[in-house]
$ cat data-v4.cif   # mmCIF, C-alpha atoms
data_run
#
loop_
_atom_site.label_atom_id
_atom_site.label_comp_id
_atom_site.auth_asym_id
_atom_site.auth_seq_id
_atom_site.Cartn_x
_atom_site.Cartn_y
_atom_site.Cartn_z
CA MET N 1 -74.98 100.00 92.41
CA GLU N 2 -77.79 102.08 93.83
CA GLY N 3 -77.68 102.88 97.53
CA ARG N 4 -74.01 101.98 97.93
CA SER N 5 -71.36 104.50 98.98
CA THR N 6 -67.63 104.18 98.39
CA VAL N 7 -66.77 106.46 101.32
CA PHE N 8 -68.32 106.86 104.75
CA THR N 9 -69.89 110.28 104.63
CA GLY N 10 -73.29 111.41 105.87
CA GLU N 11 -75.63 109.36 108.00
CA PHE N 12 -76.44 105.70 107.51
CA LEU N 13 -79.57 103.94 108.57
CA MET N 14 -79.07 102.05 111.81
CA THR N 15 -77.98 98.47 111.15
CA GLU N 16 -80.59 95.97 112.29
CA LYS N 17 -79.02 93.81 115.00
CA LEU N 18 -80.22 90.31 114.20
CA TYR N 19 -77.89 88.86 116.85
CA TYR N 20 -80.09 90.33 119.58
CA GLU N 21 -83.34 89.10 118.01
CA ASN N 22 -82.08 85.53 117.69
CA PRO N 23 -78.56 84.73 119.01
CA GLY N 24 -78.85 81.25 117.49
CA GLN N 25 -79.20 82.56 113.93
CA THR N 26 -76.00 82.08 111.96
CA GLU N 27 -76.99 82.79 108.34
CA PHE N 28 -78.59 85.94 106.93
CA SER N 29 -78.95 88.04 103.82
CA ALA N 30 -78.37 91.79 103.77
CA ARG N 31 -77.63 94.81 101.62
CA ILE N 32 -74.39 96.77 101.64
CA LEU N 33 -74.93 100.42 102.63
CA GLY N 34 -71.31 101.53 102.45
CA ILE N 35 -67.84 100.19 101.75
CA GLU N 36 -64.31 101.53 101.78
CA LYS N 37 -60.73 100.29 102.06
CA ASP N 38 -58.62 101.03 105.13
CA LYS N 39 -55.48 99.58 106.74
CA LYS N 40 -57.40 96.65 108.30
CA GLY N 41 -59.10 95.58 105.09
CA TRP N 42 -62.42 96.29 103.40
CA LYS N 43 -64.73 98.11 105.80
CA VAL N 44 -68.40 97.25 105.17
CA VAL N 45 -71.67 98.56 106.65
CA LEU N 46 -74.79 96.41 106.18
CA ASP N 47 -78.48 97.20 106.61
CA ARG N 48 -78.80 94.13 108.90
CA THR N 49 -76.33 91.71 110.46
CA CYS N 50 -75.94 88.61 112.58
CA PHE N 51 -72.30 89.47 113.30
CA TYR N 52 -71.79 90.57 116.89
CA PRO N 53 -69.25 93.43 117.19
CA GLU N 54 -66.57 93.32 119.86
CA GLY N 55 -67.77 94.84 123.11
CA GLY N 56 -68.47 94.25 126.78
CA GLY N 57 -65.47 91.96 127.11
CA GLN N 58 -66.81 89.65 124.38
CA PRO N 59 -64.79 89.34 121.16
CA ALA N 60 -66.30 89.89 117.72
CA ASP N 61 -67.91 87.07 115.77
CA ARG N 62 -66.03 85.25 113.03
CA GLY N 63 -67.41 83.99 109.74
CA THR N 64 -67.79 84.94 106.09
CA ILE N 65 -69.64 87.39 103.85
CA ASN N 66 -70.12 86.03 100.33
CA GLY N 67 -67.41 83.49 101.18
CA ILE N 68 -64.93 86.23 102.20
CA SER N 69 -63.47 85.95 105.69
CA VAL N 70 -64.70 88.46 108.25
CA ILE N 71 -61.55 89.36 110.19
CA ASP N 72 -63.14 91.79 112.67
CA VAL N 73 -66.42 93.48 113.60
CA GLN N 74 -66.46 96.80 115.45
CA LYS N 75 -69.09 99.23 116.61
CA GLU N 76 -68.23 102.92 116.19
CA ASN N 77 -70.58 105.85 116.72
CA GLY N 78 -73.62 103.63 116.39
CA LYS N 79 -72.46 102.01 113.14
CA ILE N 80 -71.35 98.39 112.83
CA PHE N 81 -68.27 97.91 110.65
CA HIS N 82 -67.42 94.51 109.20
CA TYR N 83 -63.76 94.15 108.16
CA LEU N 84 -63.18 91.75 105.26
CA ASN N 85 -60.09 90.32 103.59
CA ASP N 86 -61.45 91.12 100.14
CA LYS N 87 -64.04 93.35 98.47
CA PRO N 88 -67.55 91.94 97.96
CA GLU N 89 -68.66 92.33 94.35
CA ASN N 90 -72.41 92.54 94.93
CA ASP N 91 -74.63 94.85 96.95
CA HIS N 92 -76.67 91.92 98.25
CA ILE N 93 -74.70 89.55 100.42
CA THR N 94 -75.06 86.32 102.39
CA GLY N 95 -73.39 86.19 105.76
CA LYS N 96 -72.46 83.11 107.78
CA VAL N 97 -71.41 83.28 111.42
CA ASP N 98 -68.95 80.76 112.87
CA TRP N 99 -71.33 79.14 115.38
CA ASP N 100 -68.69 77.20 117.32
CA HIS N 101 -66.80 80.43 118.01
CA ARG N 102 -69.95 82.36 118.94
CA PHE N 103 -71.39 79.66 121.20
CA ASP N 104 -68.05 79.28 122.95
CA TYR N 105 -68.14 82.94 123.97
CA MET N 106 -71.84 82.82 124.79
CA GLN N 107 -70.93 80.09 127.27
CA GLN N 108 -68.03 82.16 128.58
CA HIS N 109 -70.17 85.27 129.03
CA THR N 110 -73.14 83.57 130.68
CA GLY N 111 -70.87 81.45 132.87
CA GLN N 112 -69.09 84.59 133.99
CA HIS N 113 -72.41 86.25 134.90
CA ILE N 114 -73.39 83.21 136.97
CA LEU N 115 -70.05 83.18 138.77
CA SER N 116 -70.02 86.95 139.37
CA GLY N 117 -73.56 86.74 140.75
CA VAL N 118 -72.67 83.84 143.02
CA LEU N 119 -69.48 85.51 144.28
CA LYS N 120 -71.41 88.69 145.03
CA ARG N 121 -74.14 86.89 146.95
CA MET N 122 -72.00 84.44 148.93
CA GLY N 123 -69.37 86.85 150.26
CA ASP N 124 -69.78 90.24 148.65
CA PHE N 125 -66.89 89.48 146.32
CA ASP N 126 -67.40 92.26 143.77
CA THR N 127 -66.28 91.70 140.19
CA VAL N 128 -63.84 94.46 139.19
CA SER N 129 -62.95 93.30 135.69
CA VAL N 130 -63.44 90.36 133.34
CA HIS N 131 -61.39 88.97 130.46
CA GLN N 132 -62.72 86.38 128.04
CA GLY N 133 -59.60 84.91 126.43
CA GLU N 134 -59.19 82.15 123.89
CA GLU N 135 -58.09 79.61 126.52
CA TYR N 136 -59.86 80.71 129.70
CA THR N 137 -61.98 83.42 131.32
CA THR N 138 -60.74 85.46 134.26
CA ILE N 139 -62.72 87.32 136.91
CA GLU N 140 -60.86 89.88 139.00
CA ILE N 141 -62.48 90.53 142.36
CA ALA N 142 -62.06 93.54 144.64
CA GLN N 143 -60.70 91.51 147.58
CA GLN N 144 -57.01 90.94 148.30
CA GLU N 145 -57.59 87.27 149.06
CA ILE N 146 -60.18 84.52 148.89
CA ALA N 147 -59.97 81.16 150.65
CA GLU N 148 -59.73 77.99 148.58
CA GLU N 149 -62.88 76.71 150.26
CA GLU N 150 -64.79 79.78 149.09
CA ILE N 151 -63.64 79.22 145.50
CA TYR N 152 -64.86 75.61 145.66
CA ARG N 153 -68.15 76.80 147.13
CA ALA N 154 -68.60 79.36 144.32
CA GLU N 155 -67.83 76.66 141.76
CA ASP N 156 -70.34 74.24 143.31
CA LEU N 157 -73.09 76.87 143.56
CA ALA N 158 -72.52 77.96 139.96
CA ASN N 159 -72.78 74.39 138.70
CA GLU N 160 -75.96 73.87 140.70
CA ILE N 161 -77.44 76.90 138.95
CA ILE N 162 -76.33 75.49 135.60
CA ASN N 163 -78.01 72.17 136.39
CA ARG N 164 -81.27 73.96 137.23
CA ASN N 165 -81.42 75.14 133.58
CA ILE N 166 -82.77 78.57 134.52
CA PRO N 167 -83.84 80.90 131.66
CA VAL N 168 -81.45 83.74 130.86
CA GLU N 169 -83.56 86.81 130.13
CA ALA N 170 -82.63 89.83 128.02
CA VAL N 171 -84.80 92.82 128.91
CA TRP N 172 -84.74 96.23 127.24
CA THR N 173 -85.46 99.27 129.39
CA THR N 174 -84.35 102.88 129.73
CA SER N 175 -81.83 104.40 132.11
CA ASP N 176 -84.54 106.27 134.03
CA LYS N 177 -86.19 102.97 134.98
CA LEU N 178 -83.10 101.13 136.25
CA ASP N 179 -84.20 101.49 139.87
CA ALA N 180 -86.71 98.71 139.20
CA PHE N 181 -83.86 96.23 138.68
CA PRO N 182 -81.61 94.78 141.43
CA LEU N 183 -78.44 95.47 139.48
CA ARG N 184 -75.22 93.81 140.63
CA ARG N 185 -73.30 96.90 139.57
CA GLU N 186 -74.28 100.40 138.53
CA ALA N 187 -75.09 100.81 134.83
CA LYS N 188 -72.80 103.26 133.04
CA VAL N 189 -75.06 103.85 130.03
CA THR N 190 -77.90 106.25 129.36
CA GLY N 191 -80.95 106.00 127.18
CA LYS N 192 -81.87 102.52 126.04
CA VAL N 193 -80.38 99.82 128.27
CA ARG N 194 -80.23 96.03 127.85
CA ILE N 195 -80.48 94.04 131.08
CA ILE N 196 -79.39 90.39 131.42
CA ARG N 197 -81.26 88.74 134.26
CA ILE N 198 -80.82 85.22 135.61
CA ASP N 199 -83.64 84.69 138.13
CA ASP N 200 -82.48 86.12 141.47
CA ILE N 201 -78.86 85.10 140.83
CA ASP N 202 -77.59 87.95 138.69
CA CYS N 203 -78.93 91.09 137.09
CA VAL N 204 -76.67 93.48 135.20
CA ALA N 205 -76.66 95.86 132.22
CA CYS N 206 -74.94 94.00 129.38
CA GLY N 207 -74.81 94.20 125.61
CA GLY N 208 -73.25 90.77 125.12
CA LEU N 209 -74.68 87.53 123.77
CA HIS N 210 -75.77 84.81 126.15
CA THR N 211 -77.10 81.28 126.18
CA ALA N 212 -80.88 80.85 126.37
CA THR N 213 -80.65 78.96 129.68
CA THR N 214 -78.01 78.35 132.31
CA GLY N 215 -77.99 74.67 131.35
CA GLU N 216 -76.41 75.53 128.00
CA VAL N 217 -73.29 76.74 129.84
CA GLY N 218 -72.56 73.11 130.68
CA LEU N 219 -69.89 73.39 133.36
CA VAL N 220 -67.59 75.85 135.15
CA LYS N 221 -64.27 74.84 136.70
CA ASN N 222 -61.71 76.96 138.51
CA ILE N 223 -58.15 76.19 137.39
CA GLY N 224 -56.21 78.71 139.44
CA THR N 225 -55.78 82.16 140.93
CA GLU N 226 -53.42 85.04 140.26
CA ARG N 227 -52.43 88.17 142.16
CA ILE N 228 -52.73 91.47 140.31
CA ARG N 229 -52.77 95.06 141.51
CA GLY N 230 -53.25 93.86 145.08
CA ARG N 231 -56.37 91.90 144.15
CA VAL N 232 -57.26 88.31 143.25
CA ARG N 233 -57.90 87.14 139.71
CA LEU N 234 -59.82 83.86 139.40
CA VAL N 235 -59.14 81.75 136.32
CA TRP N 236 -61.99 79.63 134.92
CA LYS N 237 -62.64 77.02 132.27
CA ILE N 238 -66.25 77.36 131.15
CA GLY N 239 -68.49 75.31 128.85
CA LYS N 240 -66.84 73.01 126.33
CA ARG N 241 -63.47 74.33 127.43
CA ALA N 242 -64.06 72.82 130.89
CA TYR N 243 -64.87 69.41 129.36
CA ARG N 244 -61.80 69.55 127.10
CA ASP N 245 -59.68 70.52 130.10
CA TYR N 246 -61.07 67.58 132.10
CA ARG N 247 -60.42 65.19 129.19
CA GLN N 248 -56.84 66.41 128.77
CA LYS N 249 -56.07 66.11 132.47
CA THR N 250 -57.68 62.67 132.64
CA GLU N 251 -55.46 61.50 129.78
CA ILE N 252 -52.38 62.89 131.53
CA ILE N 253 -53.27 61.23 134.83
CA SER N 254 -54.00 57.92 133.07
CA ARG N 255 -50.54 57.99 131.48
CA LEU N 256 -48.91 58.79 134.82
CA ILE N 257 -50.79 55.94 136.49
CA ASP N 258 -49.41 53.57 133.84
CA MET N 259 -45.88 55.02 134.04
CA PHE N 260 -45.71 54.71 137.84
CA SER N 261 -47.76 51.52 138.10
CA ALA N 262 -49.85 53.30 140.67
CA ARG N 263 -53.43 53.74 141.71
CA LEU N 264 -54.94 57.21 141.58
CA ASP N 265 -54.94 57.41 145.39
CA ASP N 266 -51.18 56.86 145.71
CA LEU N 267 -50.02 58.50 142.47
CA ILE N 268 -48.83 61.73 144.11
CA GLU N 269 -46.97 59.79 146.80
CA LYS N 270 -45.12 57.75 144.17
CA ILE N 271 -44.22 60.83 142.13
CA GLU N 272 -42.93 62.60 145.25
CA LYS N 273 -40.88 59.53 146.17
CA GLN N 274 -39.30 59.47 142.72
CA GLN N 275 -38.57 63.20 142.94
CA GLU N 276 -36.75 62.63 146.22
CA GLU N 277 -34.75 59.82 144.61
CA LEU N 278 -33.84 62.00 141.65
CA VAL N 279 -32.64 64.76 143.97
CA LYS N 280 -30.42 62.23 145.79
CA ARG N 281 -29.03 60.95 142.50
CA ALA N 282 -28.36 64.49 141.29
CA ARG N 283 -26.37 65.18 144.46
CA THR N 284 -24.40 61.96 144.00
CA ILE N 285 -23.66 62.79 140.37
CA SER N 286 -22.58 66.31 141.33
CA GLU N 287 -20.22 64.94 143.97
CA LEU N 288 -18.75 62.40 141.53
CA GLN N 289 -18.28 65.10 138.91
CA LYS N 290 -16.50 67.24 141.50
CA ARG N 291 -14.14 64.36 142.33
CA LEU N 292 -13.59 63.64 138.63
CA ALA N 293 -12.72 67.30 138.07
CA GLU N 294 -10.21 67.22 140.93
CA MET N 295 -8.60 64.03 139.64
CA SER N 296 -8.45 65.36 136.09
CA ALA N 297 -6.96 68.63 137.31
CA GLY N 298 -4.26 66.73 139.19
CA ILE N 299 -3.34 64.75 136.08
CA LEU N 300 -3.25 67.91 133.95
CA CYS N 301 -1.10 69.67 136.53
CA GLU N 302 1.50 66.90 136.25
CA LYS N 303 1.62 67.47 132.50
CA ALA N 304 2.15 71.24 132.78
CA VAL N 305 4.75 72.80 130.44
CA GLU N 306 7.18 75.54 131.37
CA THR N 307 7.19 78.99 129.74
CA PRO N 308 10.26 81.08 128.78
CA SER N 309 9.87 82.99 132.07
CA GLY N 310 9.68 79.89 134.21
CA ASN N 311 5.91 79.95 134.70
CA ARG N 312 3.74 76.96 133.88
CA ILE N 313 0.95 76.33 131.37
CA VAL N 314 -1.78 73.82 132.24
CA VAL N 315 -4.03 72.87 129.34
CA GLY N 316 -6.36 69.96 128.77
CA ARG N 317 -9.76 68.42 128.27
CA MET N 318 -12.23 67.73 131.05
CA ASP N 319 -15.26 66.17 129.39
CA ASP N 320 -18.66 65.54 131.03
CA ILE N 321 -17.91 68.19 133.66
CA PRO N 322 -20.45 70.98 134.27
CA MET N 323 -19.27 74.54 133.70
CA ASP N 324 -19.38 75.30 137.41
CA SER N 325 -16.97 72.43 138.17
CA LEU N 326 -14.77 73.38 135.22
CA ARG N 327 -14.55 76.92 136.53
CA LYS N 328 -13.67 75.78 140.06
CA ALA N 329 -10.95 73.48 138.68
CA ALA N 330 -9.44 76.33 136.65
CA ILE N 331 -9.39 78.64 139.68
CA LYS N 332 -7.86 75.94 141.89
CA LEU N 333 -5.10 75.17 139.36
CA ALA N 334 -4.24 78.84 139.04
CA GLU N 335 -4.17 79.37 142.80
CA GLU N 336 -1.95 76.39 143.62
CA ASP N 337 1.19 78.39 142.93
CA SER N 338 -0.25 81.73 144.00
CA GLY N 339 2.24 83.68 146.10
CA LYS N 340 5.21 81.69 144.78
CA ALA N 341 7.78 82.82 142.24
CA VAL N 342 6.19 80.65 139.59
CA GLY N 343 2.69 81.29 138.22
CA VAL N 344 0.23 79.22 136.20
CA TYR N 345 -1.75 79.86 133.01
CA VAL N 346 -4.78 77.58 132.82
CA CYS N 347 -6.83 76.62 129.76
CA LEU N 348 -9.52 73.96 130.22
CA LEU N 349 -12.00 72.77 127.60
CA GLY N 350 -14.63 70.10 127.93
CA ILE N 351 -17.52 68.57 126.03
CA GLU N 352 -20.75 68.51 128.04
CA GLY N 353 -23.56 66.90 126.08
CA GLU N 354 -23.63 68.71 122.74
CA ARG N 355 -21.94 71.82 124.12
CA LEU N 356 -18.27 72.76 124.33
CA ASN N 357 -17.29 74.65 127.49
CA TRP N 358 -14.07 76.65 127.84
CA CYS N 359 -12.48 78.29 130.86
CA LEU N 360 -9.26 80.31 131.28
CA SER N 361 -7.57 81.44 134.49
CA VAL N 362 -4.20 82.79 135.66
CA SER N 363 -2.31 83.08 138.91
CA GLU N 364 -2.27 86.45 140.62
CA GLY N 365 0.26 88.79 138.99
CA LEU N 366 0.23 87.12 135.56
CA ASP N 367 -1.19 88.78 132.47
CA LEU N 368 -3.49 87.06 129.99
CA PRO N 369 -3.82 88.56 126.48
CA PHE N 370 -7.55 87.87 126.30
CA ASP N 371 -8.19 90.32 123.45
CA ARG N 372 -5.79 88.32 121.30
CA ILE N 373 -7.33 85.04 122.47
CA ARG N 374 -10.80 86.36 121.64
CA ARG N 375 -9.59 87.38 118.18
CA GLU N 376 -7.48 84.33 117.29
CA LEU N 377 -8.78 81.39 119.34
CA LEU N 378 -12.52 81.77 119.89
CA PRO N 379 -13.27 81.52 116.12
CA VAL N 380 -11.48 78.14 116.10
CA ILE N 381 -14.27 76.67 118.26
CA GLY N 382 -17.04 79.06 117.18
CA GLY N 383 -16.86 80.34 120.72
CA LYS N 384 -18.31 83.21 122.66
CA GLY N 385 -17.99 84.43 126.20
CA GLY N 386 -15.82 86.65 128.35
CA GLY N 387 -15.03 87.54 131.92
CA LYS N 388 -12.68 89.63 133.99
CA TYR N 389 -9.31 89.06 135.57
CA PRO N 390 -8.37 86.40 136.59
CA LEU N 391 -11.17 84.22 135.09
CA TRP N 392 -12.78 83.99 131.65
CA GLN N 393 -15.32 81.46 130.42
CA GLY N 394 -17.76 80.67 127.63
CA ILE N 395 -19.07 78.09 125.20
CA GLY N 396 -18.30 76.93 121.69
CA GLU N 397 -19.99 75.15 118.81
CA LYS N 398 -17.07 73.62 116.85
CA ILE N 399 -15.93 70.64 118.88
CA GLU N 400 -13.48 69.69 116.13
CA GLY N 401 -11.42 72.81 116.96
CA LEU N 402 -10.83 71.80 120.58
CA ASN N 403 -7.27 70.42 120.24
CA LEU N 404 -6.15 73.29 118.03
CA PHE N 405 -7.47 75.74 120.62
CA LEU N 406 -5.37 74.11 123.36
CA GLU N 407 -2.18 74.06 121.26
CA ASN N 408 -2.57 77.64 120.08
CA PHE N 409 -3.21 78.80 123.66
CA LYS N 410 0.26 77.57 124.61
CA GLU N 411 1.78 79.30 121.58
CA ILE N 412 0.11 82.63 122.47
CA ILE N 413 1.35 82.49 126.09
CA ASN N 414 4.90 81.56 125.07
CA SER N 415 4.90 84.29 122.41
CA MET N 416 3.73 86.87 124.97
CA GLU N 417 6.48 85.94 127.44
CA ARG N 418 9.20 85.93 124.75
CA ASP N 419 8.14 89.43 123.70
CA LYS N 420 8.43 90.63 127.31
CA SER N 421 11.92 89.18 127.86
#

$ encode --input "data-v4.cif" --output "structure tokens"
Amino acid sequence: MEGRSTVFTGEFLMTEKLYYENPGQTEFSARILGIEKDKKGWKVVLDRTCFYPEGGGQPADRGTINGISVIDVQKENGKIFHYLNDKPENDHITGKVDWDHRFDYMQQHTGQHILSGVLKRMGDFDTVSVHQGEEYTTIEIAQQEIAEEEIYRAEDLANEIINRNIPVEAVWTTSDKLDAFPLRREAKVTGKVRIIRIDDIDCVACGGLHTATTGEVGLVKNIGTERIRGRVRLVWKIGKRAYRDYRQKTEIISRLIDMFSARLDDLIEKIEKQQEELVKRARTISELQKRLAEMSAGILCEKAVETPSGNRIVVGRMDDIPMDSLRKAAIKLAEEDSGKAVGVYVCLLGIEGERLNWCLSVSEGLDLPFDRIRRELLPVIGGKGGGKYPLWQGIGEKIEGLNLFLENFKEIINSMERDKS
């Protein structure tokens, strides 16, 4: 295969960048200049390409070469490397760029330029960094804060510029002639420089791909702000993403309107009212559970059994009681005889939903052989957990082992006291 190298040695001819000549072109033919295998896949250099390599905050194009997926495109030392899942068999290839993916990021990039230009002009909000993610685009500004009204104003101004359908110009120049351009930020490149200019709105050195006009961006919508490194990061939906976001939120609101039998104007009020009601109900339920725990504890206390040393063992089930209430009940039962000659060993288990809770406690001065309990009893309920004197707690998975756990707890305590006597 004449002209093809299996390793990347020597100098290659510069790859012709078709993506700059016509960003709307998605299919092309080319010749392979070099190919080799590395850890990312098959690394291919072409004499011409429509595939945009990652750079300037814009991700690489996706697509295929001879039907083989292009998994990445990178620019290194002036060469453009296409990474493929498999090895192309022919020197002459046909490439196809995923247009939906490319146009999405063209919208992101141009929309970001419009917004950065607007922010700069309306309040000297300088763009510090930009990230074009798969879900949204972020613009980090130099300021520590920005008022909500200013964000809305930036959004409105940007959408006005989009509606004006202004041409987006790509101009090639050289670094020694940059003074002729009102650049938003200083260019960090030398030699040949590509300028993206949008009327008097924005002008900046940029190697990325952009829409032909501002109208092709469609729409920009702010969806939030974040704090990072003492600065503000603005989060944006741009282009088709903004329309999809609007559609999704409209569907959600429509469902909420139906669920609450409300109008849009009073939807929030009705949701807030229900939230208040739920909080009240939660408090009522918590209080009832507390009373239930106290009543159950009293019943269990009456059924306590005596140990060989004259202490008492309280064991039992307390279902539908949260762990916090179970723990408080165990502590209270153990403390009832605190300071008296007799002490109490407490073992409470309860089913809460699909979970089994367990809690152990002892009166002050009593020992609890928890290592033995962990070894012999926790496997009975598939349990885990721990604690420190005088309280231990955890959960279990085998509800069917609950009664055996309670019976064996009594046996372990009685055995311990007999051994001490």

$ residues_around --input "data-v4.cif" --residues "Glu216 in chain N" --least-positions-apart "5" --cutoff "9 Å" --atoms "only C-alpha atoms" --output "ChimeraX atom specification"
/N:107,162,165,211,239

$ atom_distance --input "data-v4.cif" --atom1 "CA of Asn159 in chain N" --atom2 "CA of Gly123 in chain N"
17.3 Å

$ residues_around --input "data-v4.cif" --residues "Arg229 in chain N" --least-positions-apart "6" --cutoff "12 Å" --atoms "all atoms listed in the file" --output "PDB file with C-alpha atoms, keeping the file's coordinate frame"
ATOM      1  CA  VAL N 128     -63.840  94.460 139.190  1.00  0.00           C
ATOM      2  CA  SER N 129     -62.950  93.300 135.690  1.00  0.00           C
ATOM      3  CA  GLU N 140     -60.860  89.880 139.000  1.00  0.00           C
ATOM      4  CA  ILE N 141     -62.480  90.530 142.360  1.00  0.00           C
ATOM      5  CA  ALA N 142     -62.060  93.540 144.640  1.00  0.00           C
ATOM      6  CA  GLN N 143     -60.700  91.510 147.580  1.00  0.00           C
ATOM      7  CA  GLN N 144     -57.010  90.940 148.300  1.00  0.00           C
ATOM      8  CA  GLU N 145     -57.590  87.270 149.060  1.00  0.00           C
TER       9      GLU N 145
END

$ closest_residue --input "data-v4.cif" --among "N:Asp98, N:Asp266, N:Asp258, N:Glu364" --to "Cys50 in chain N" --atoms "only C-alpha atoms"
N:Asp98

$ residues_near_point --input "data-v4.cif" --point "(-64.1, 94.7, 124.8)" --cutoff "10 Å" --atoms "only C-alpha atoms" --output "list in words"
Pro53, Glu54, Gly55, Gly56, Gly57, Gln58, Pro59, Ala60, Gln74, Val130, His131, Gln132 and Gly208 of chain N

$ residues_around --input "data-v4.cif" --residues "Ala154 in chain N" --least-positions-apart "6" --cutoff "12 Å" --atoms "all atoms listed in the file" --output "ChimeraX atom specification"
/N:111-112,114-125,146-148,160-161,220-222,234,236

$ residues_near_point --input "data-v4.cif" --point "(-68.0, 81.5, 112.5)" --cutoff "7 Å" --atoms "only C-alpha atoms" --output "PyMOL selection string"
chain N and resi 61-63+96-102

$ write_last_selection --input "data-v4.cif" --atoms "C-alpha atoms" --output "compact mmCIF listing (two decimals), in the coordinates of the input"
# COMPACT_ATOMS: atom_id res chain seq x y z
CA ASP N 61 -67.91 87.07 115.77
CA ARG N 62 -66.03 85.25 113.03
CA GLY N 63 -67.41 83.99 109.74
CA LYS N 96 -72.46 83.11 107.78
CA VAL N 97 -71.41 83.28 111.42
CA ASP N 98 -68.95 80.76 112.87
CA TRP N 99 -71.33 79.14 115.38
CA ASP N 100 -68.69 77.20 117.32
CA HIS N 101 -66.80 80.43 118.01
CA ARG N 102 -69.95 82.36 118.94

$ closest_residue --input "data-v4.cif" --among "N:His109, N:Arg317, N:Lys328, N:Lys273" --to "Lys290 in chain N" --atoms "only C-alpha atoms"
N:Lys328

$ closest_residue --input "data-v4.cif" --among "N:Arg164, N:Arg241, N:Arg355, N:Lys188" --to "Pro322 in chain N" --atoms "all atoms listed in the file"
N:Arg355

$ resolve_selection --input "data-v4.cif" --expression "the PyMOL selection byres ((chain N and resi 325) around 9)" --output "short mmCIF file (atom, residue, chain, number, x, y, z; two decimals) with C-alpha atoms, keeping the file's coordinate frame"
data_model
loop_
_atom_site.label_atom_id
_atom_site.label_comp_id
_atom_site.auth_asym_id
_atom_site.auth_seq_id
_atom_site.Cartn_x
_atom_site.Cartn_y
_atom_site.Cartn_z
CA SER N 286 -22.58 66.31 141.33
CA GLN N 289 -18.28 65.10 138.91
CA LYS N 290 -16.50 67.24 141.50
CA ALA N 293 -12.72 67.30 138.07
CA GLU N 294 -10.21 67.22 140.93
CA ILE N 321 -17.91 68.19 133.66
CA PRO N 322 -20.45 70.98 134.27
CA MET N 323 -19.27 74.54 133.70
CA ASP N 324 -19.38 75.30 137.41
CA LEU N 326 -14.77 73.38 135.22
CA ARG N 327 -14.55 76.92 136.53
CA LYS N 328 -13.67 75.78 140.06
CA ALA N 329 -10.95 73.48 138.68
CA ALA N 330 -9.44 76.33 136.65
#

$ closest_residue --input "data-v4.cif" --among "N:Glu169, N:Asp419, N:Glu276, N:Asp245" --to "Thr213 in chain N" --atoms "all atoms listed in the file"
N:Glu169

$ atom_distance --input "data-v4.cif" --atom1 "CA of Leu368 in chain N" --atom2 "CA of Asp319 in chain N"
24.0 Å

$ decode --input "data-v4.cif" --residues "range 216-232 of chain N" --atoms "C-alpha atoms" --output "compact mmCIF listing (two decimals), in the first residue's frame"
# COMPACT_ATOMS: atom_id res chain seq x y z
CA GLU N 216 -28.95 28.67 14.40
CA VAL N 217 -28.22 28.62 18.15
CA GLY N 218 -31.96 28.64 18.73
CA LEU N 219 -32.23 29.48 22.43
CA VAL N 220 -30.20 29.93 25.62
CA LYS N 221 -31.63 29.36 29.10
CA ASN N 222 -29.96 29.67 32.47
CA ILE N 223 -30.80 26.75 34.77
CA GLY N 224 -28.71 27.62 37.80
CA THR N 225 -25.54 28.92 39.40
CA GLU N 226 -22.75 27.31 41.40
CA ARG N 227 -19.99 28.61 43.64
CA ILE N 228 -16.46 27.49 42.84
CA ARG N 229 -13.07 28.81 43.91
CA GLY N 230 -14.71 31.96 45.23
CA ARG N 231 -16.31 32.71 41.87
CA VAL N 232 -19.67 32.15 40.18
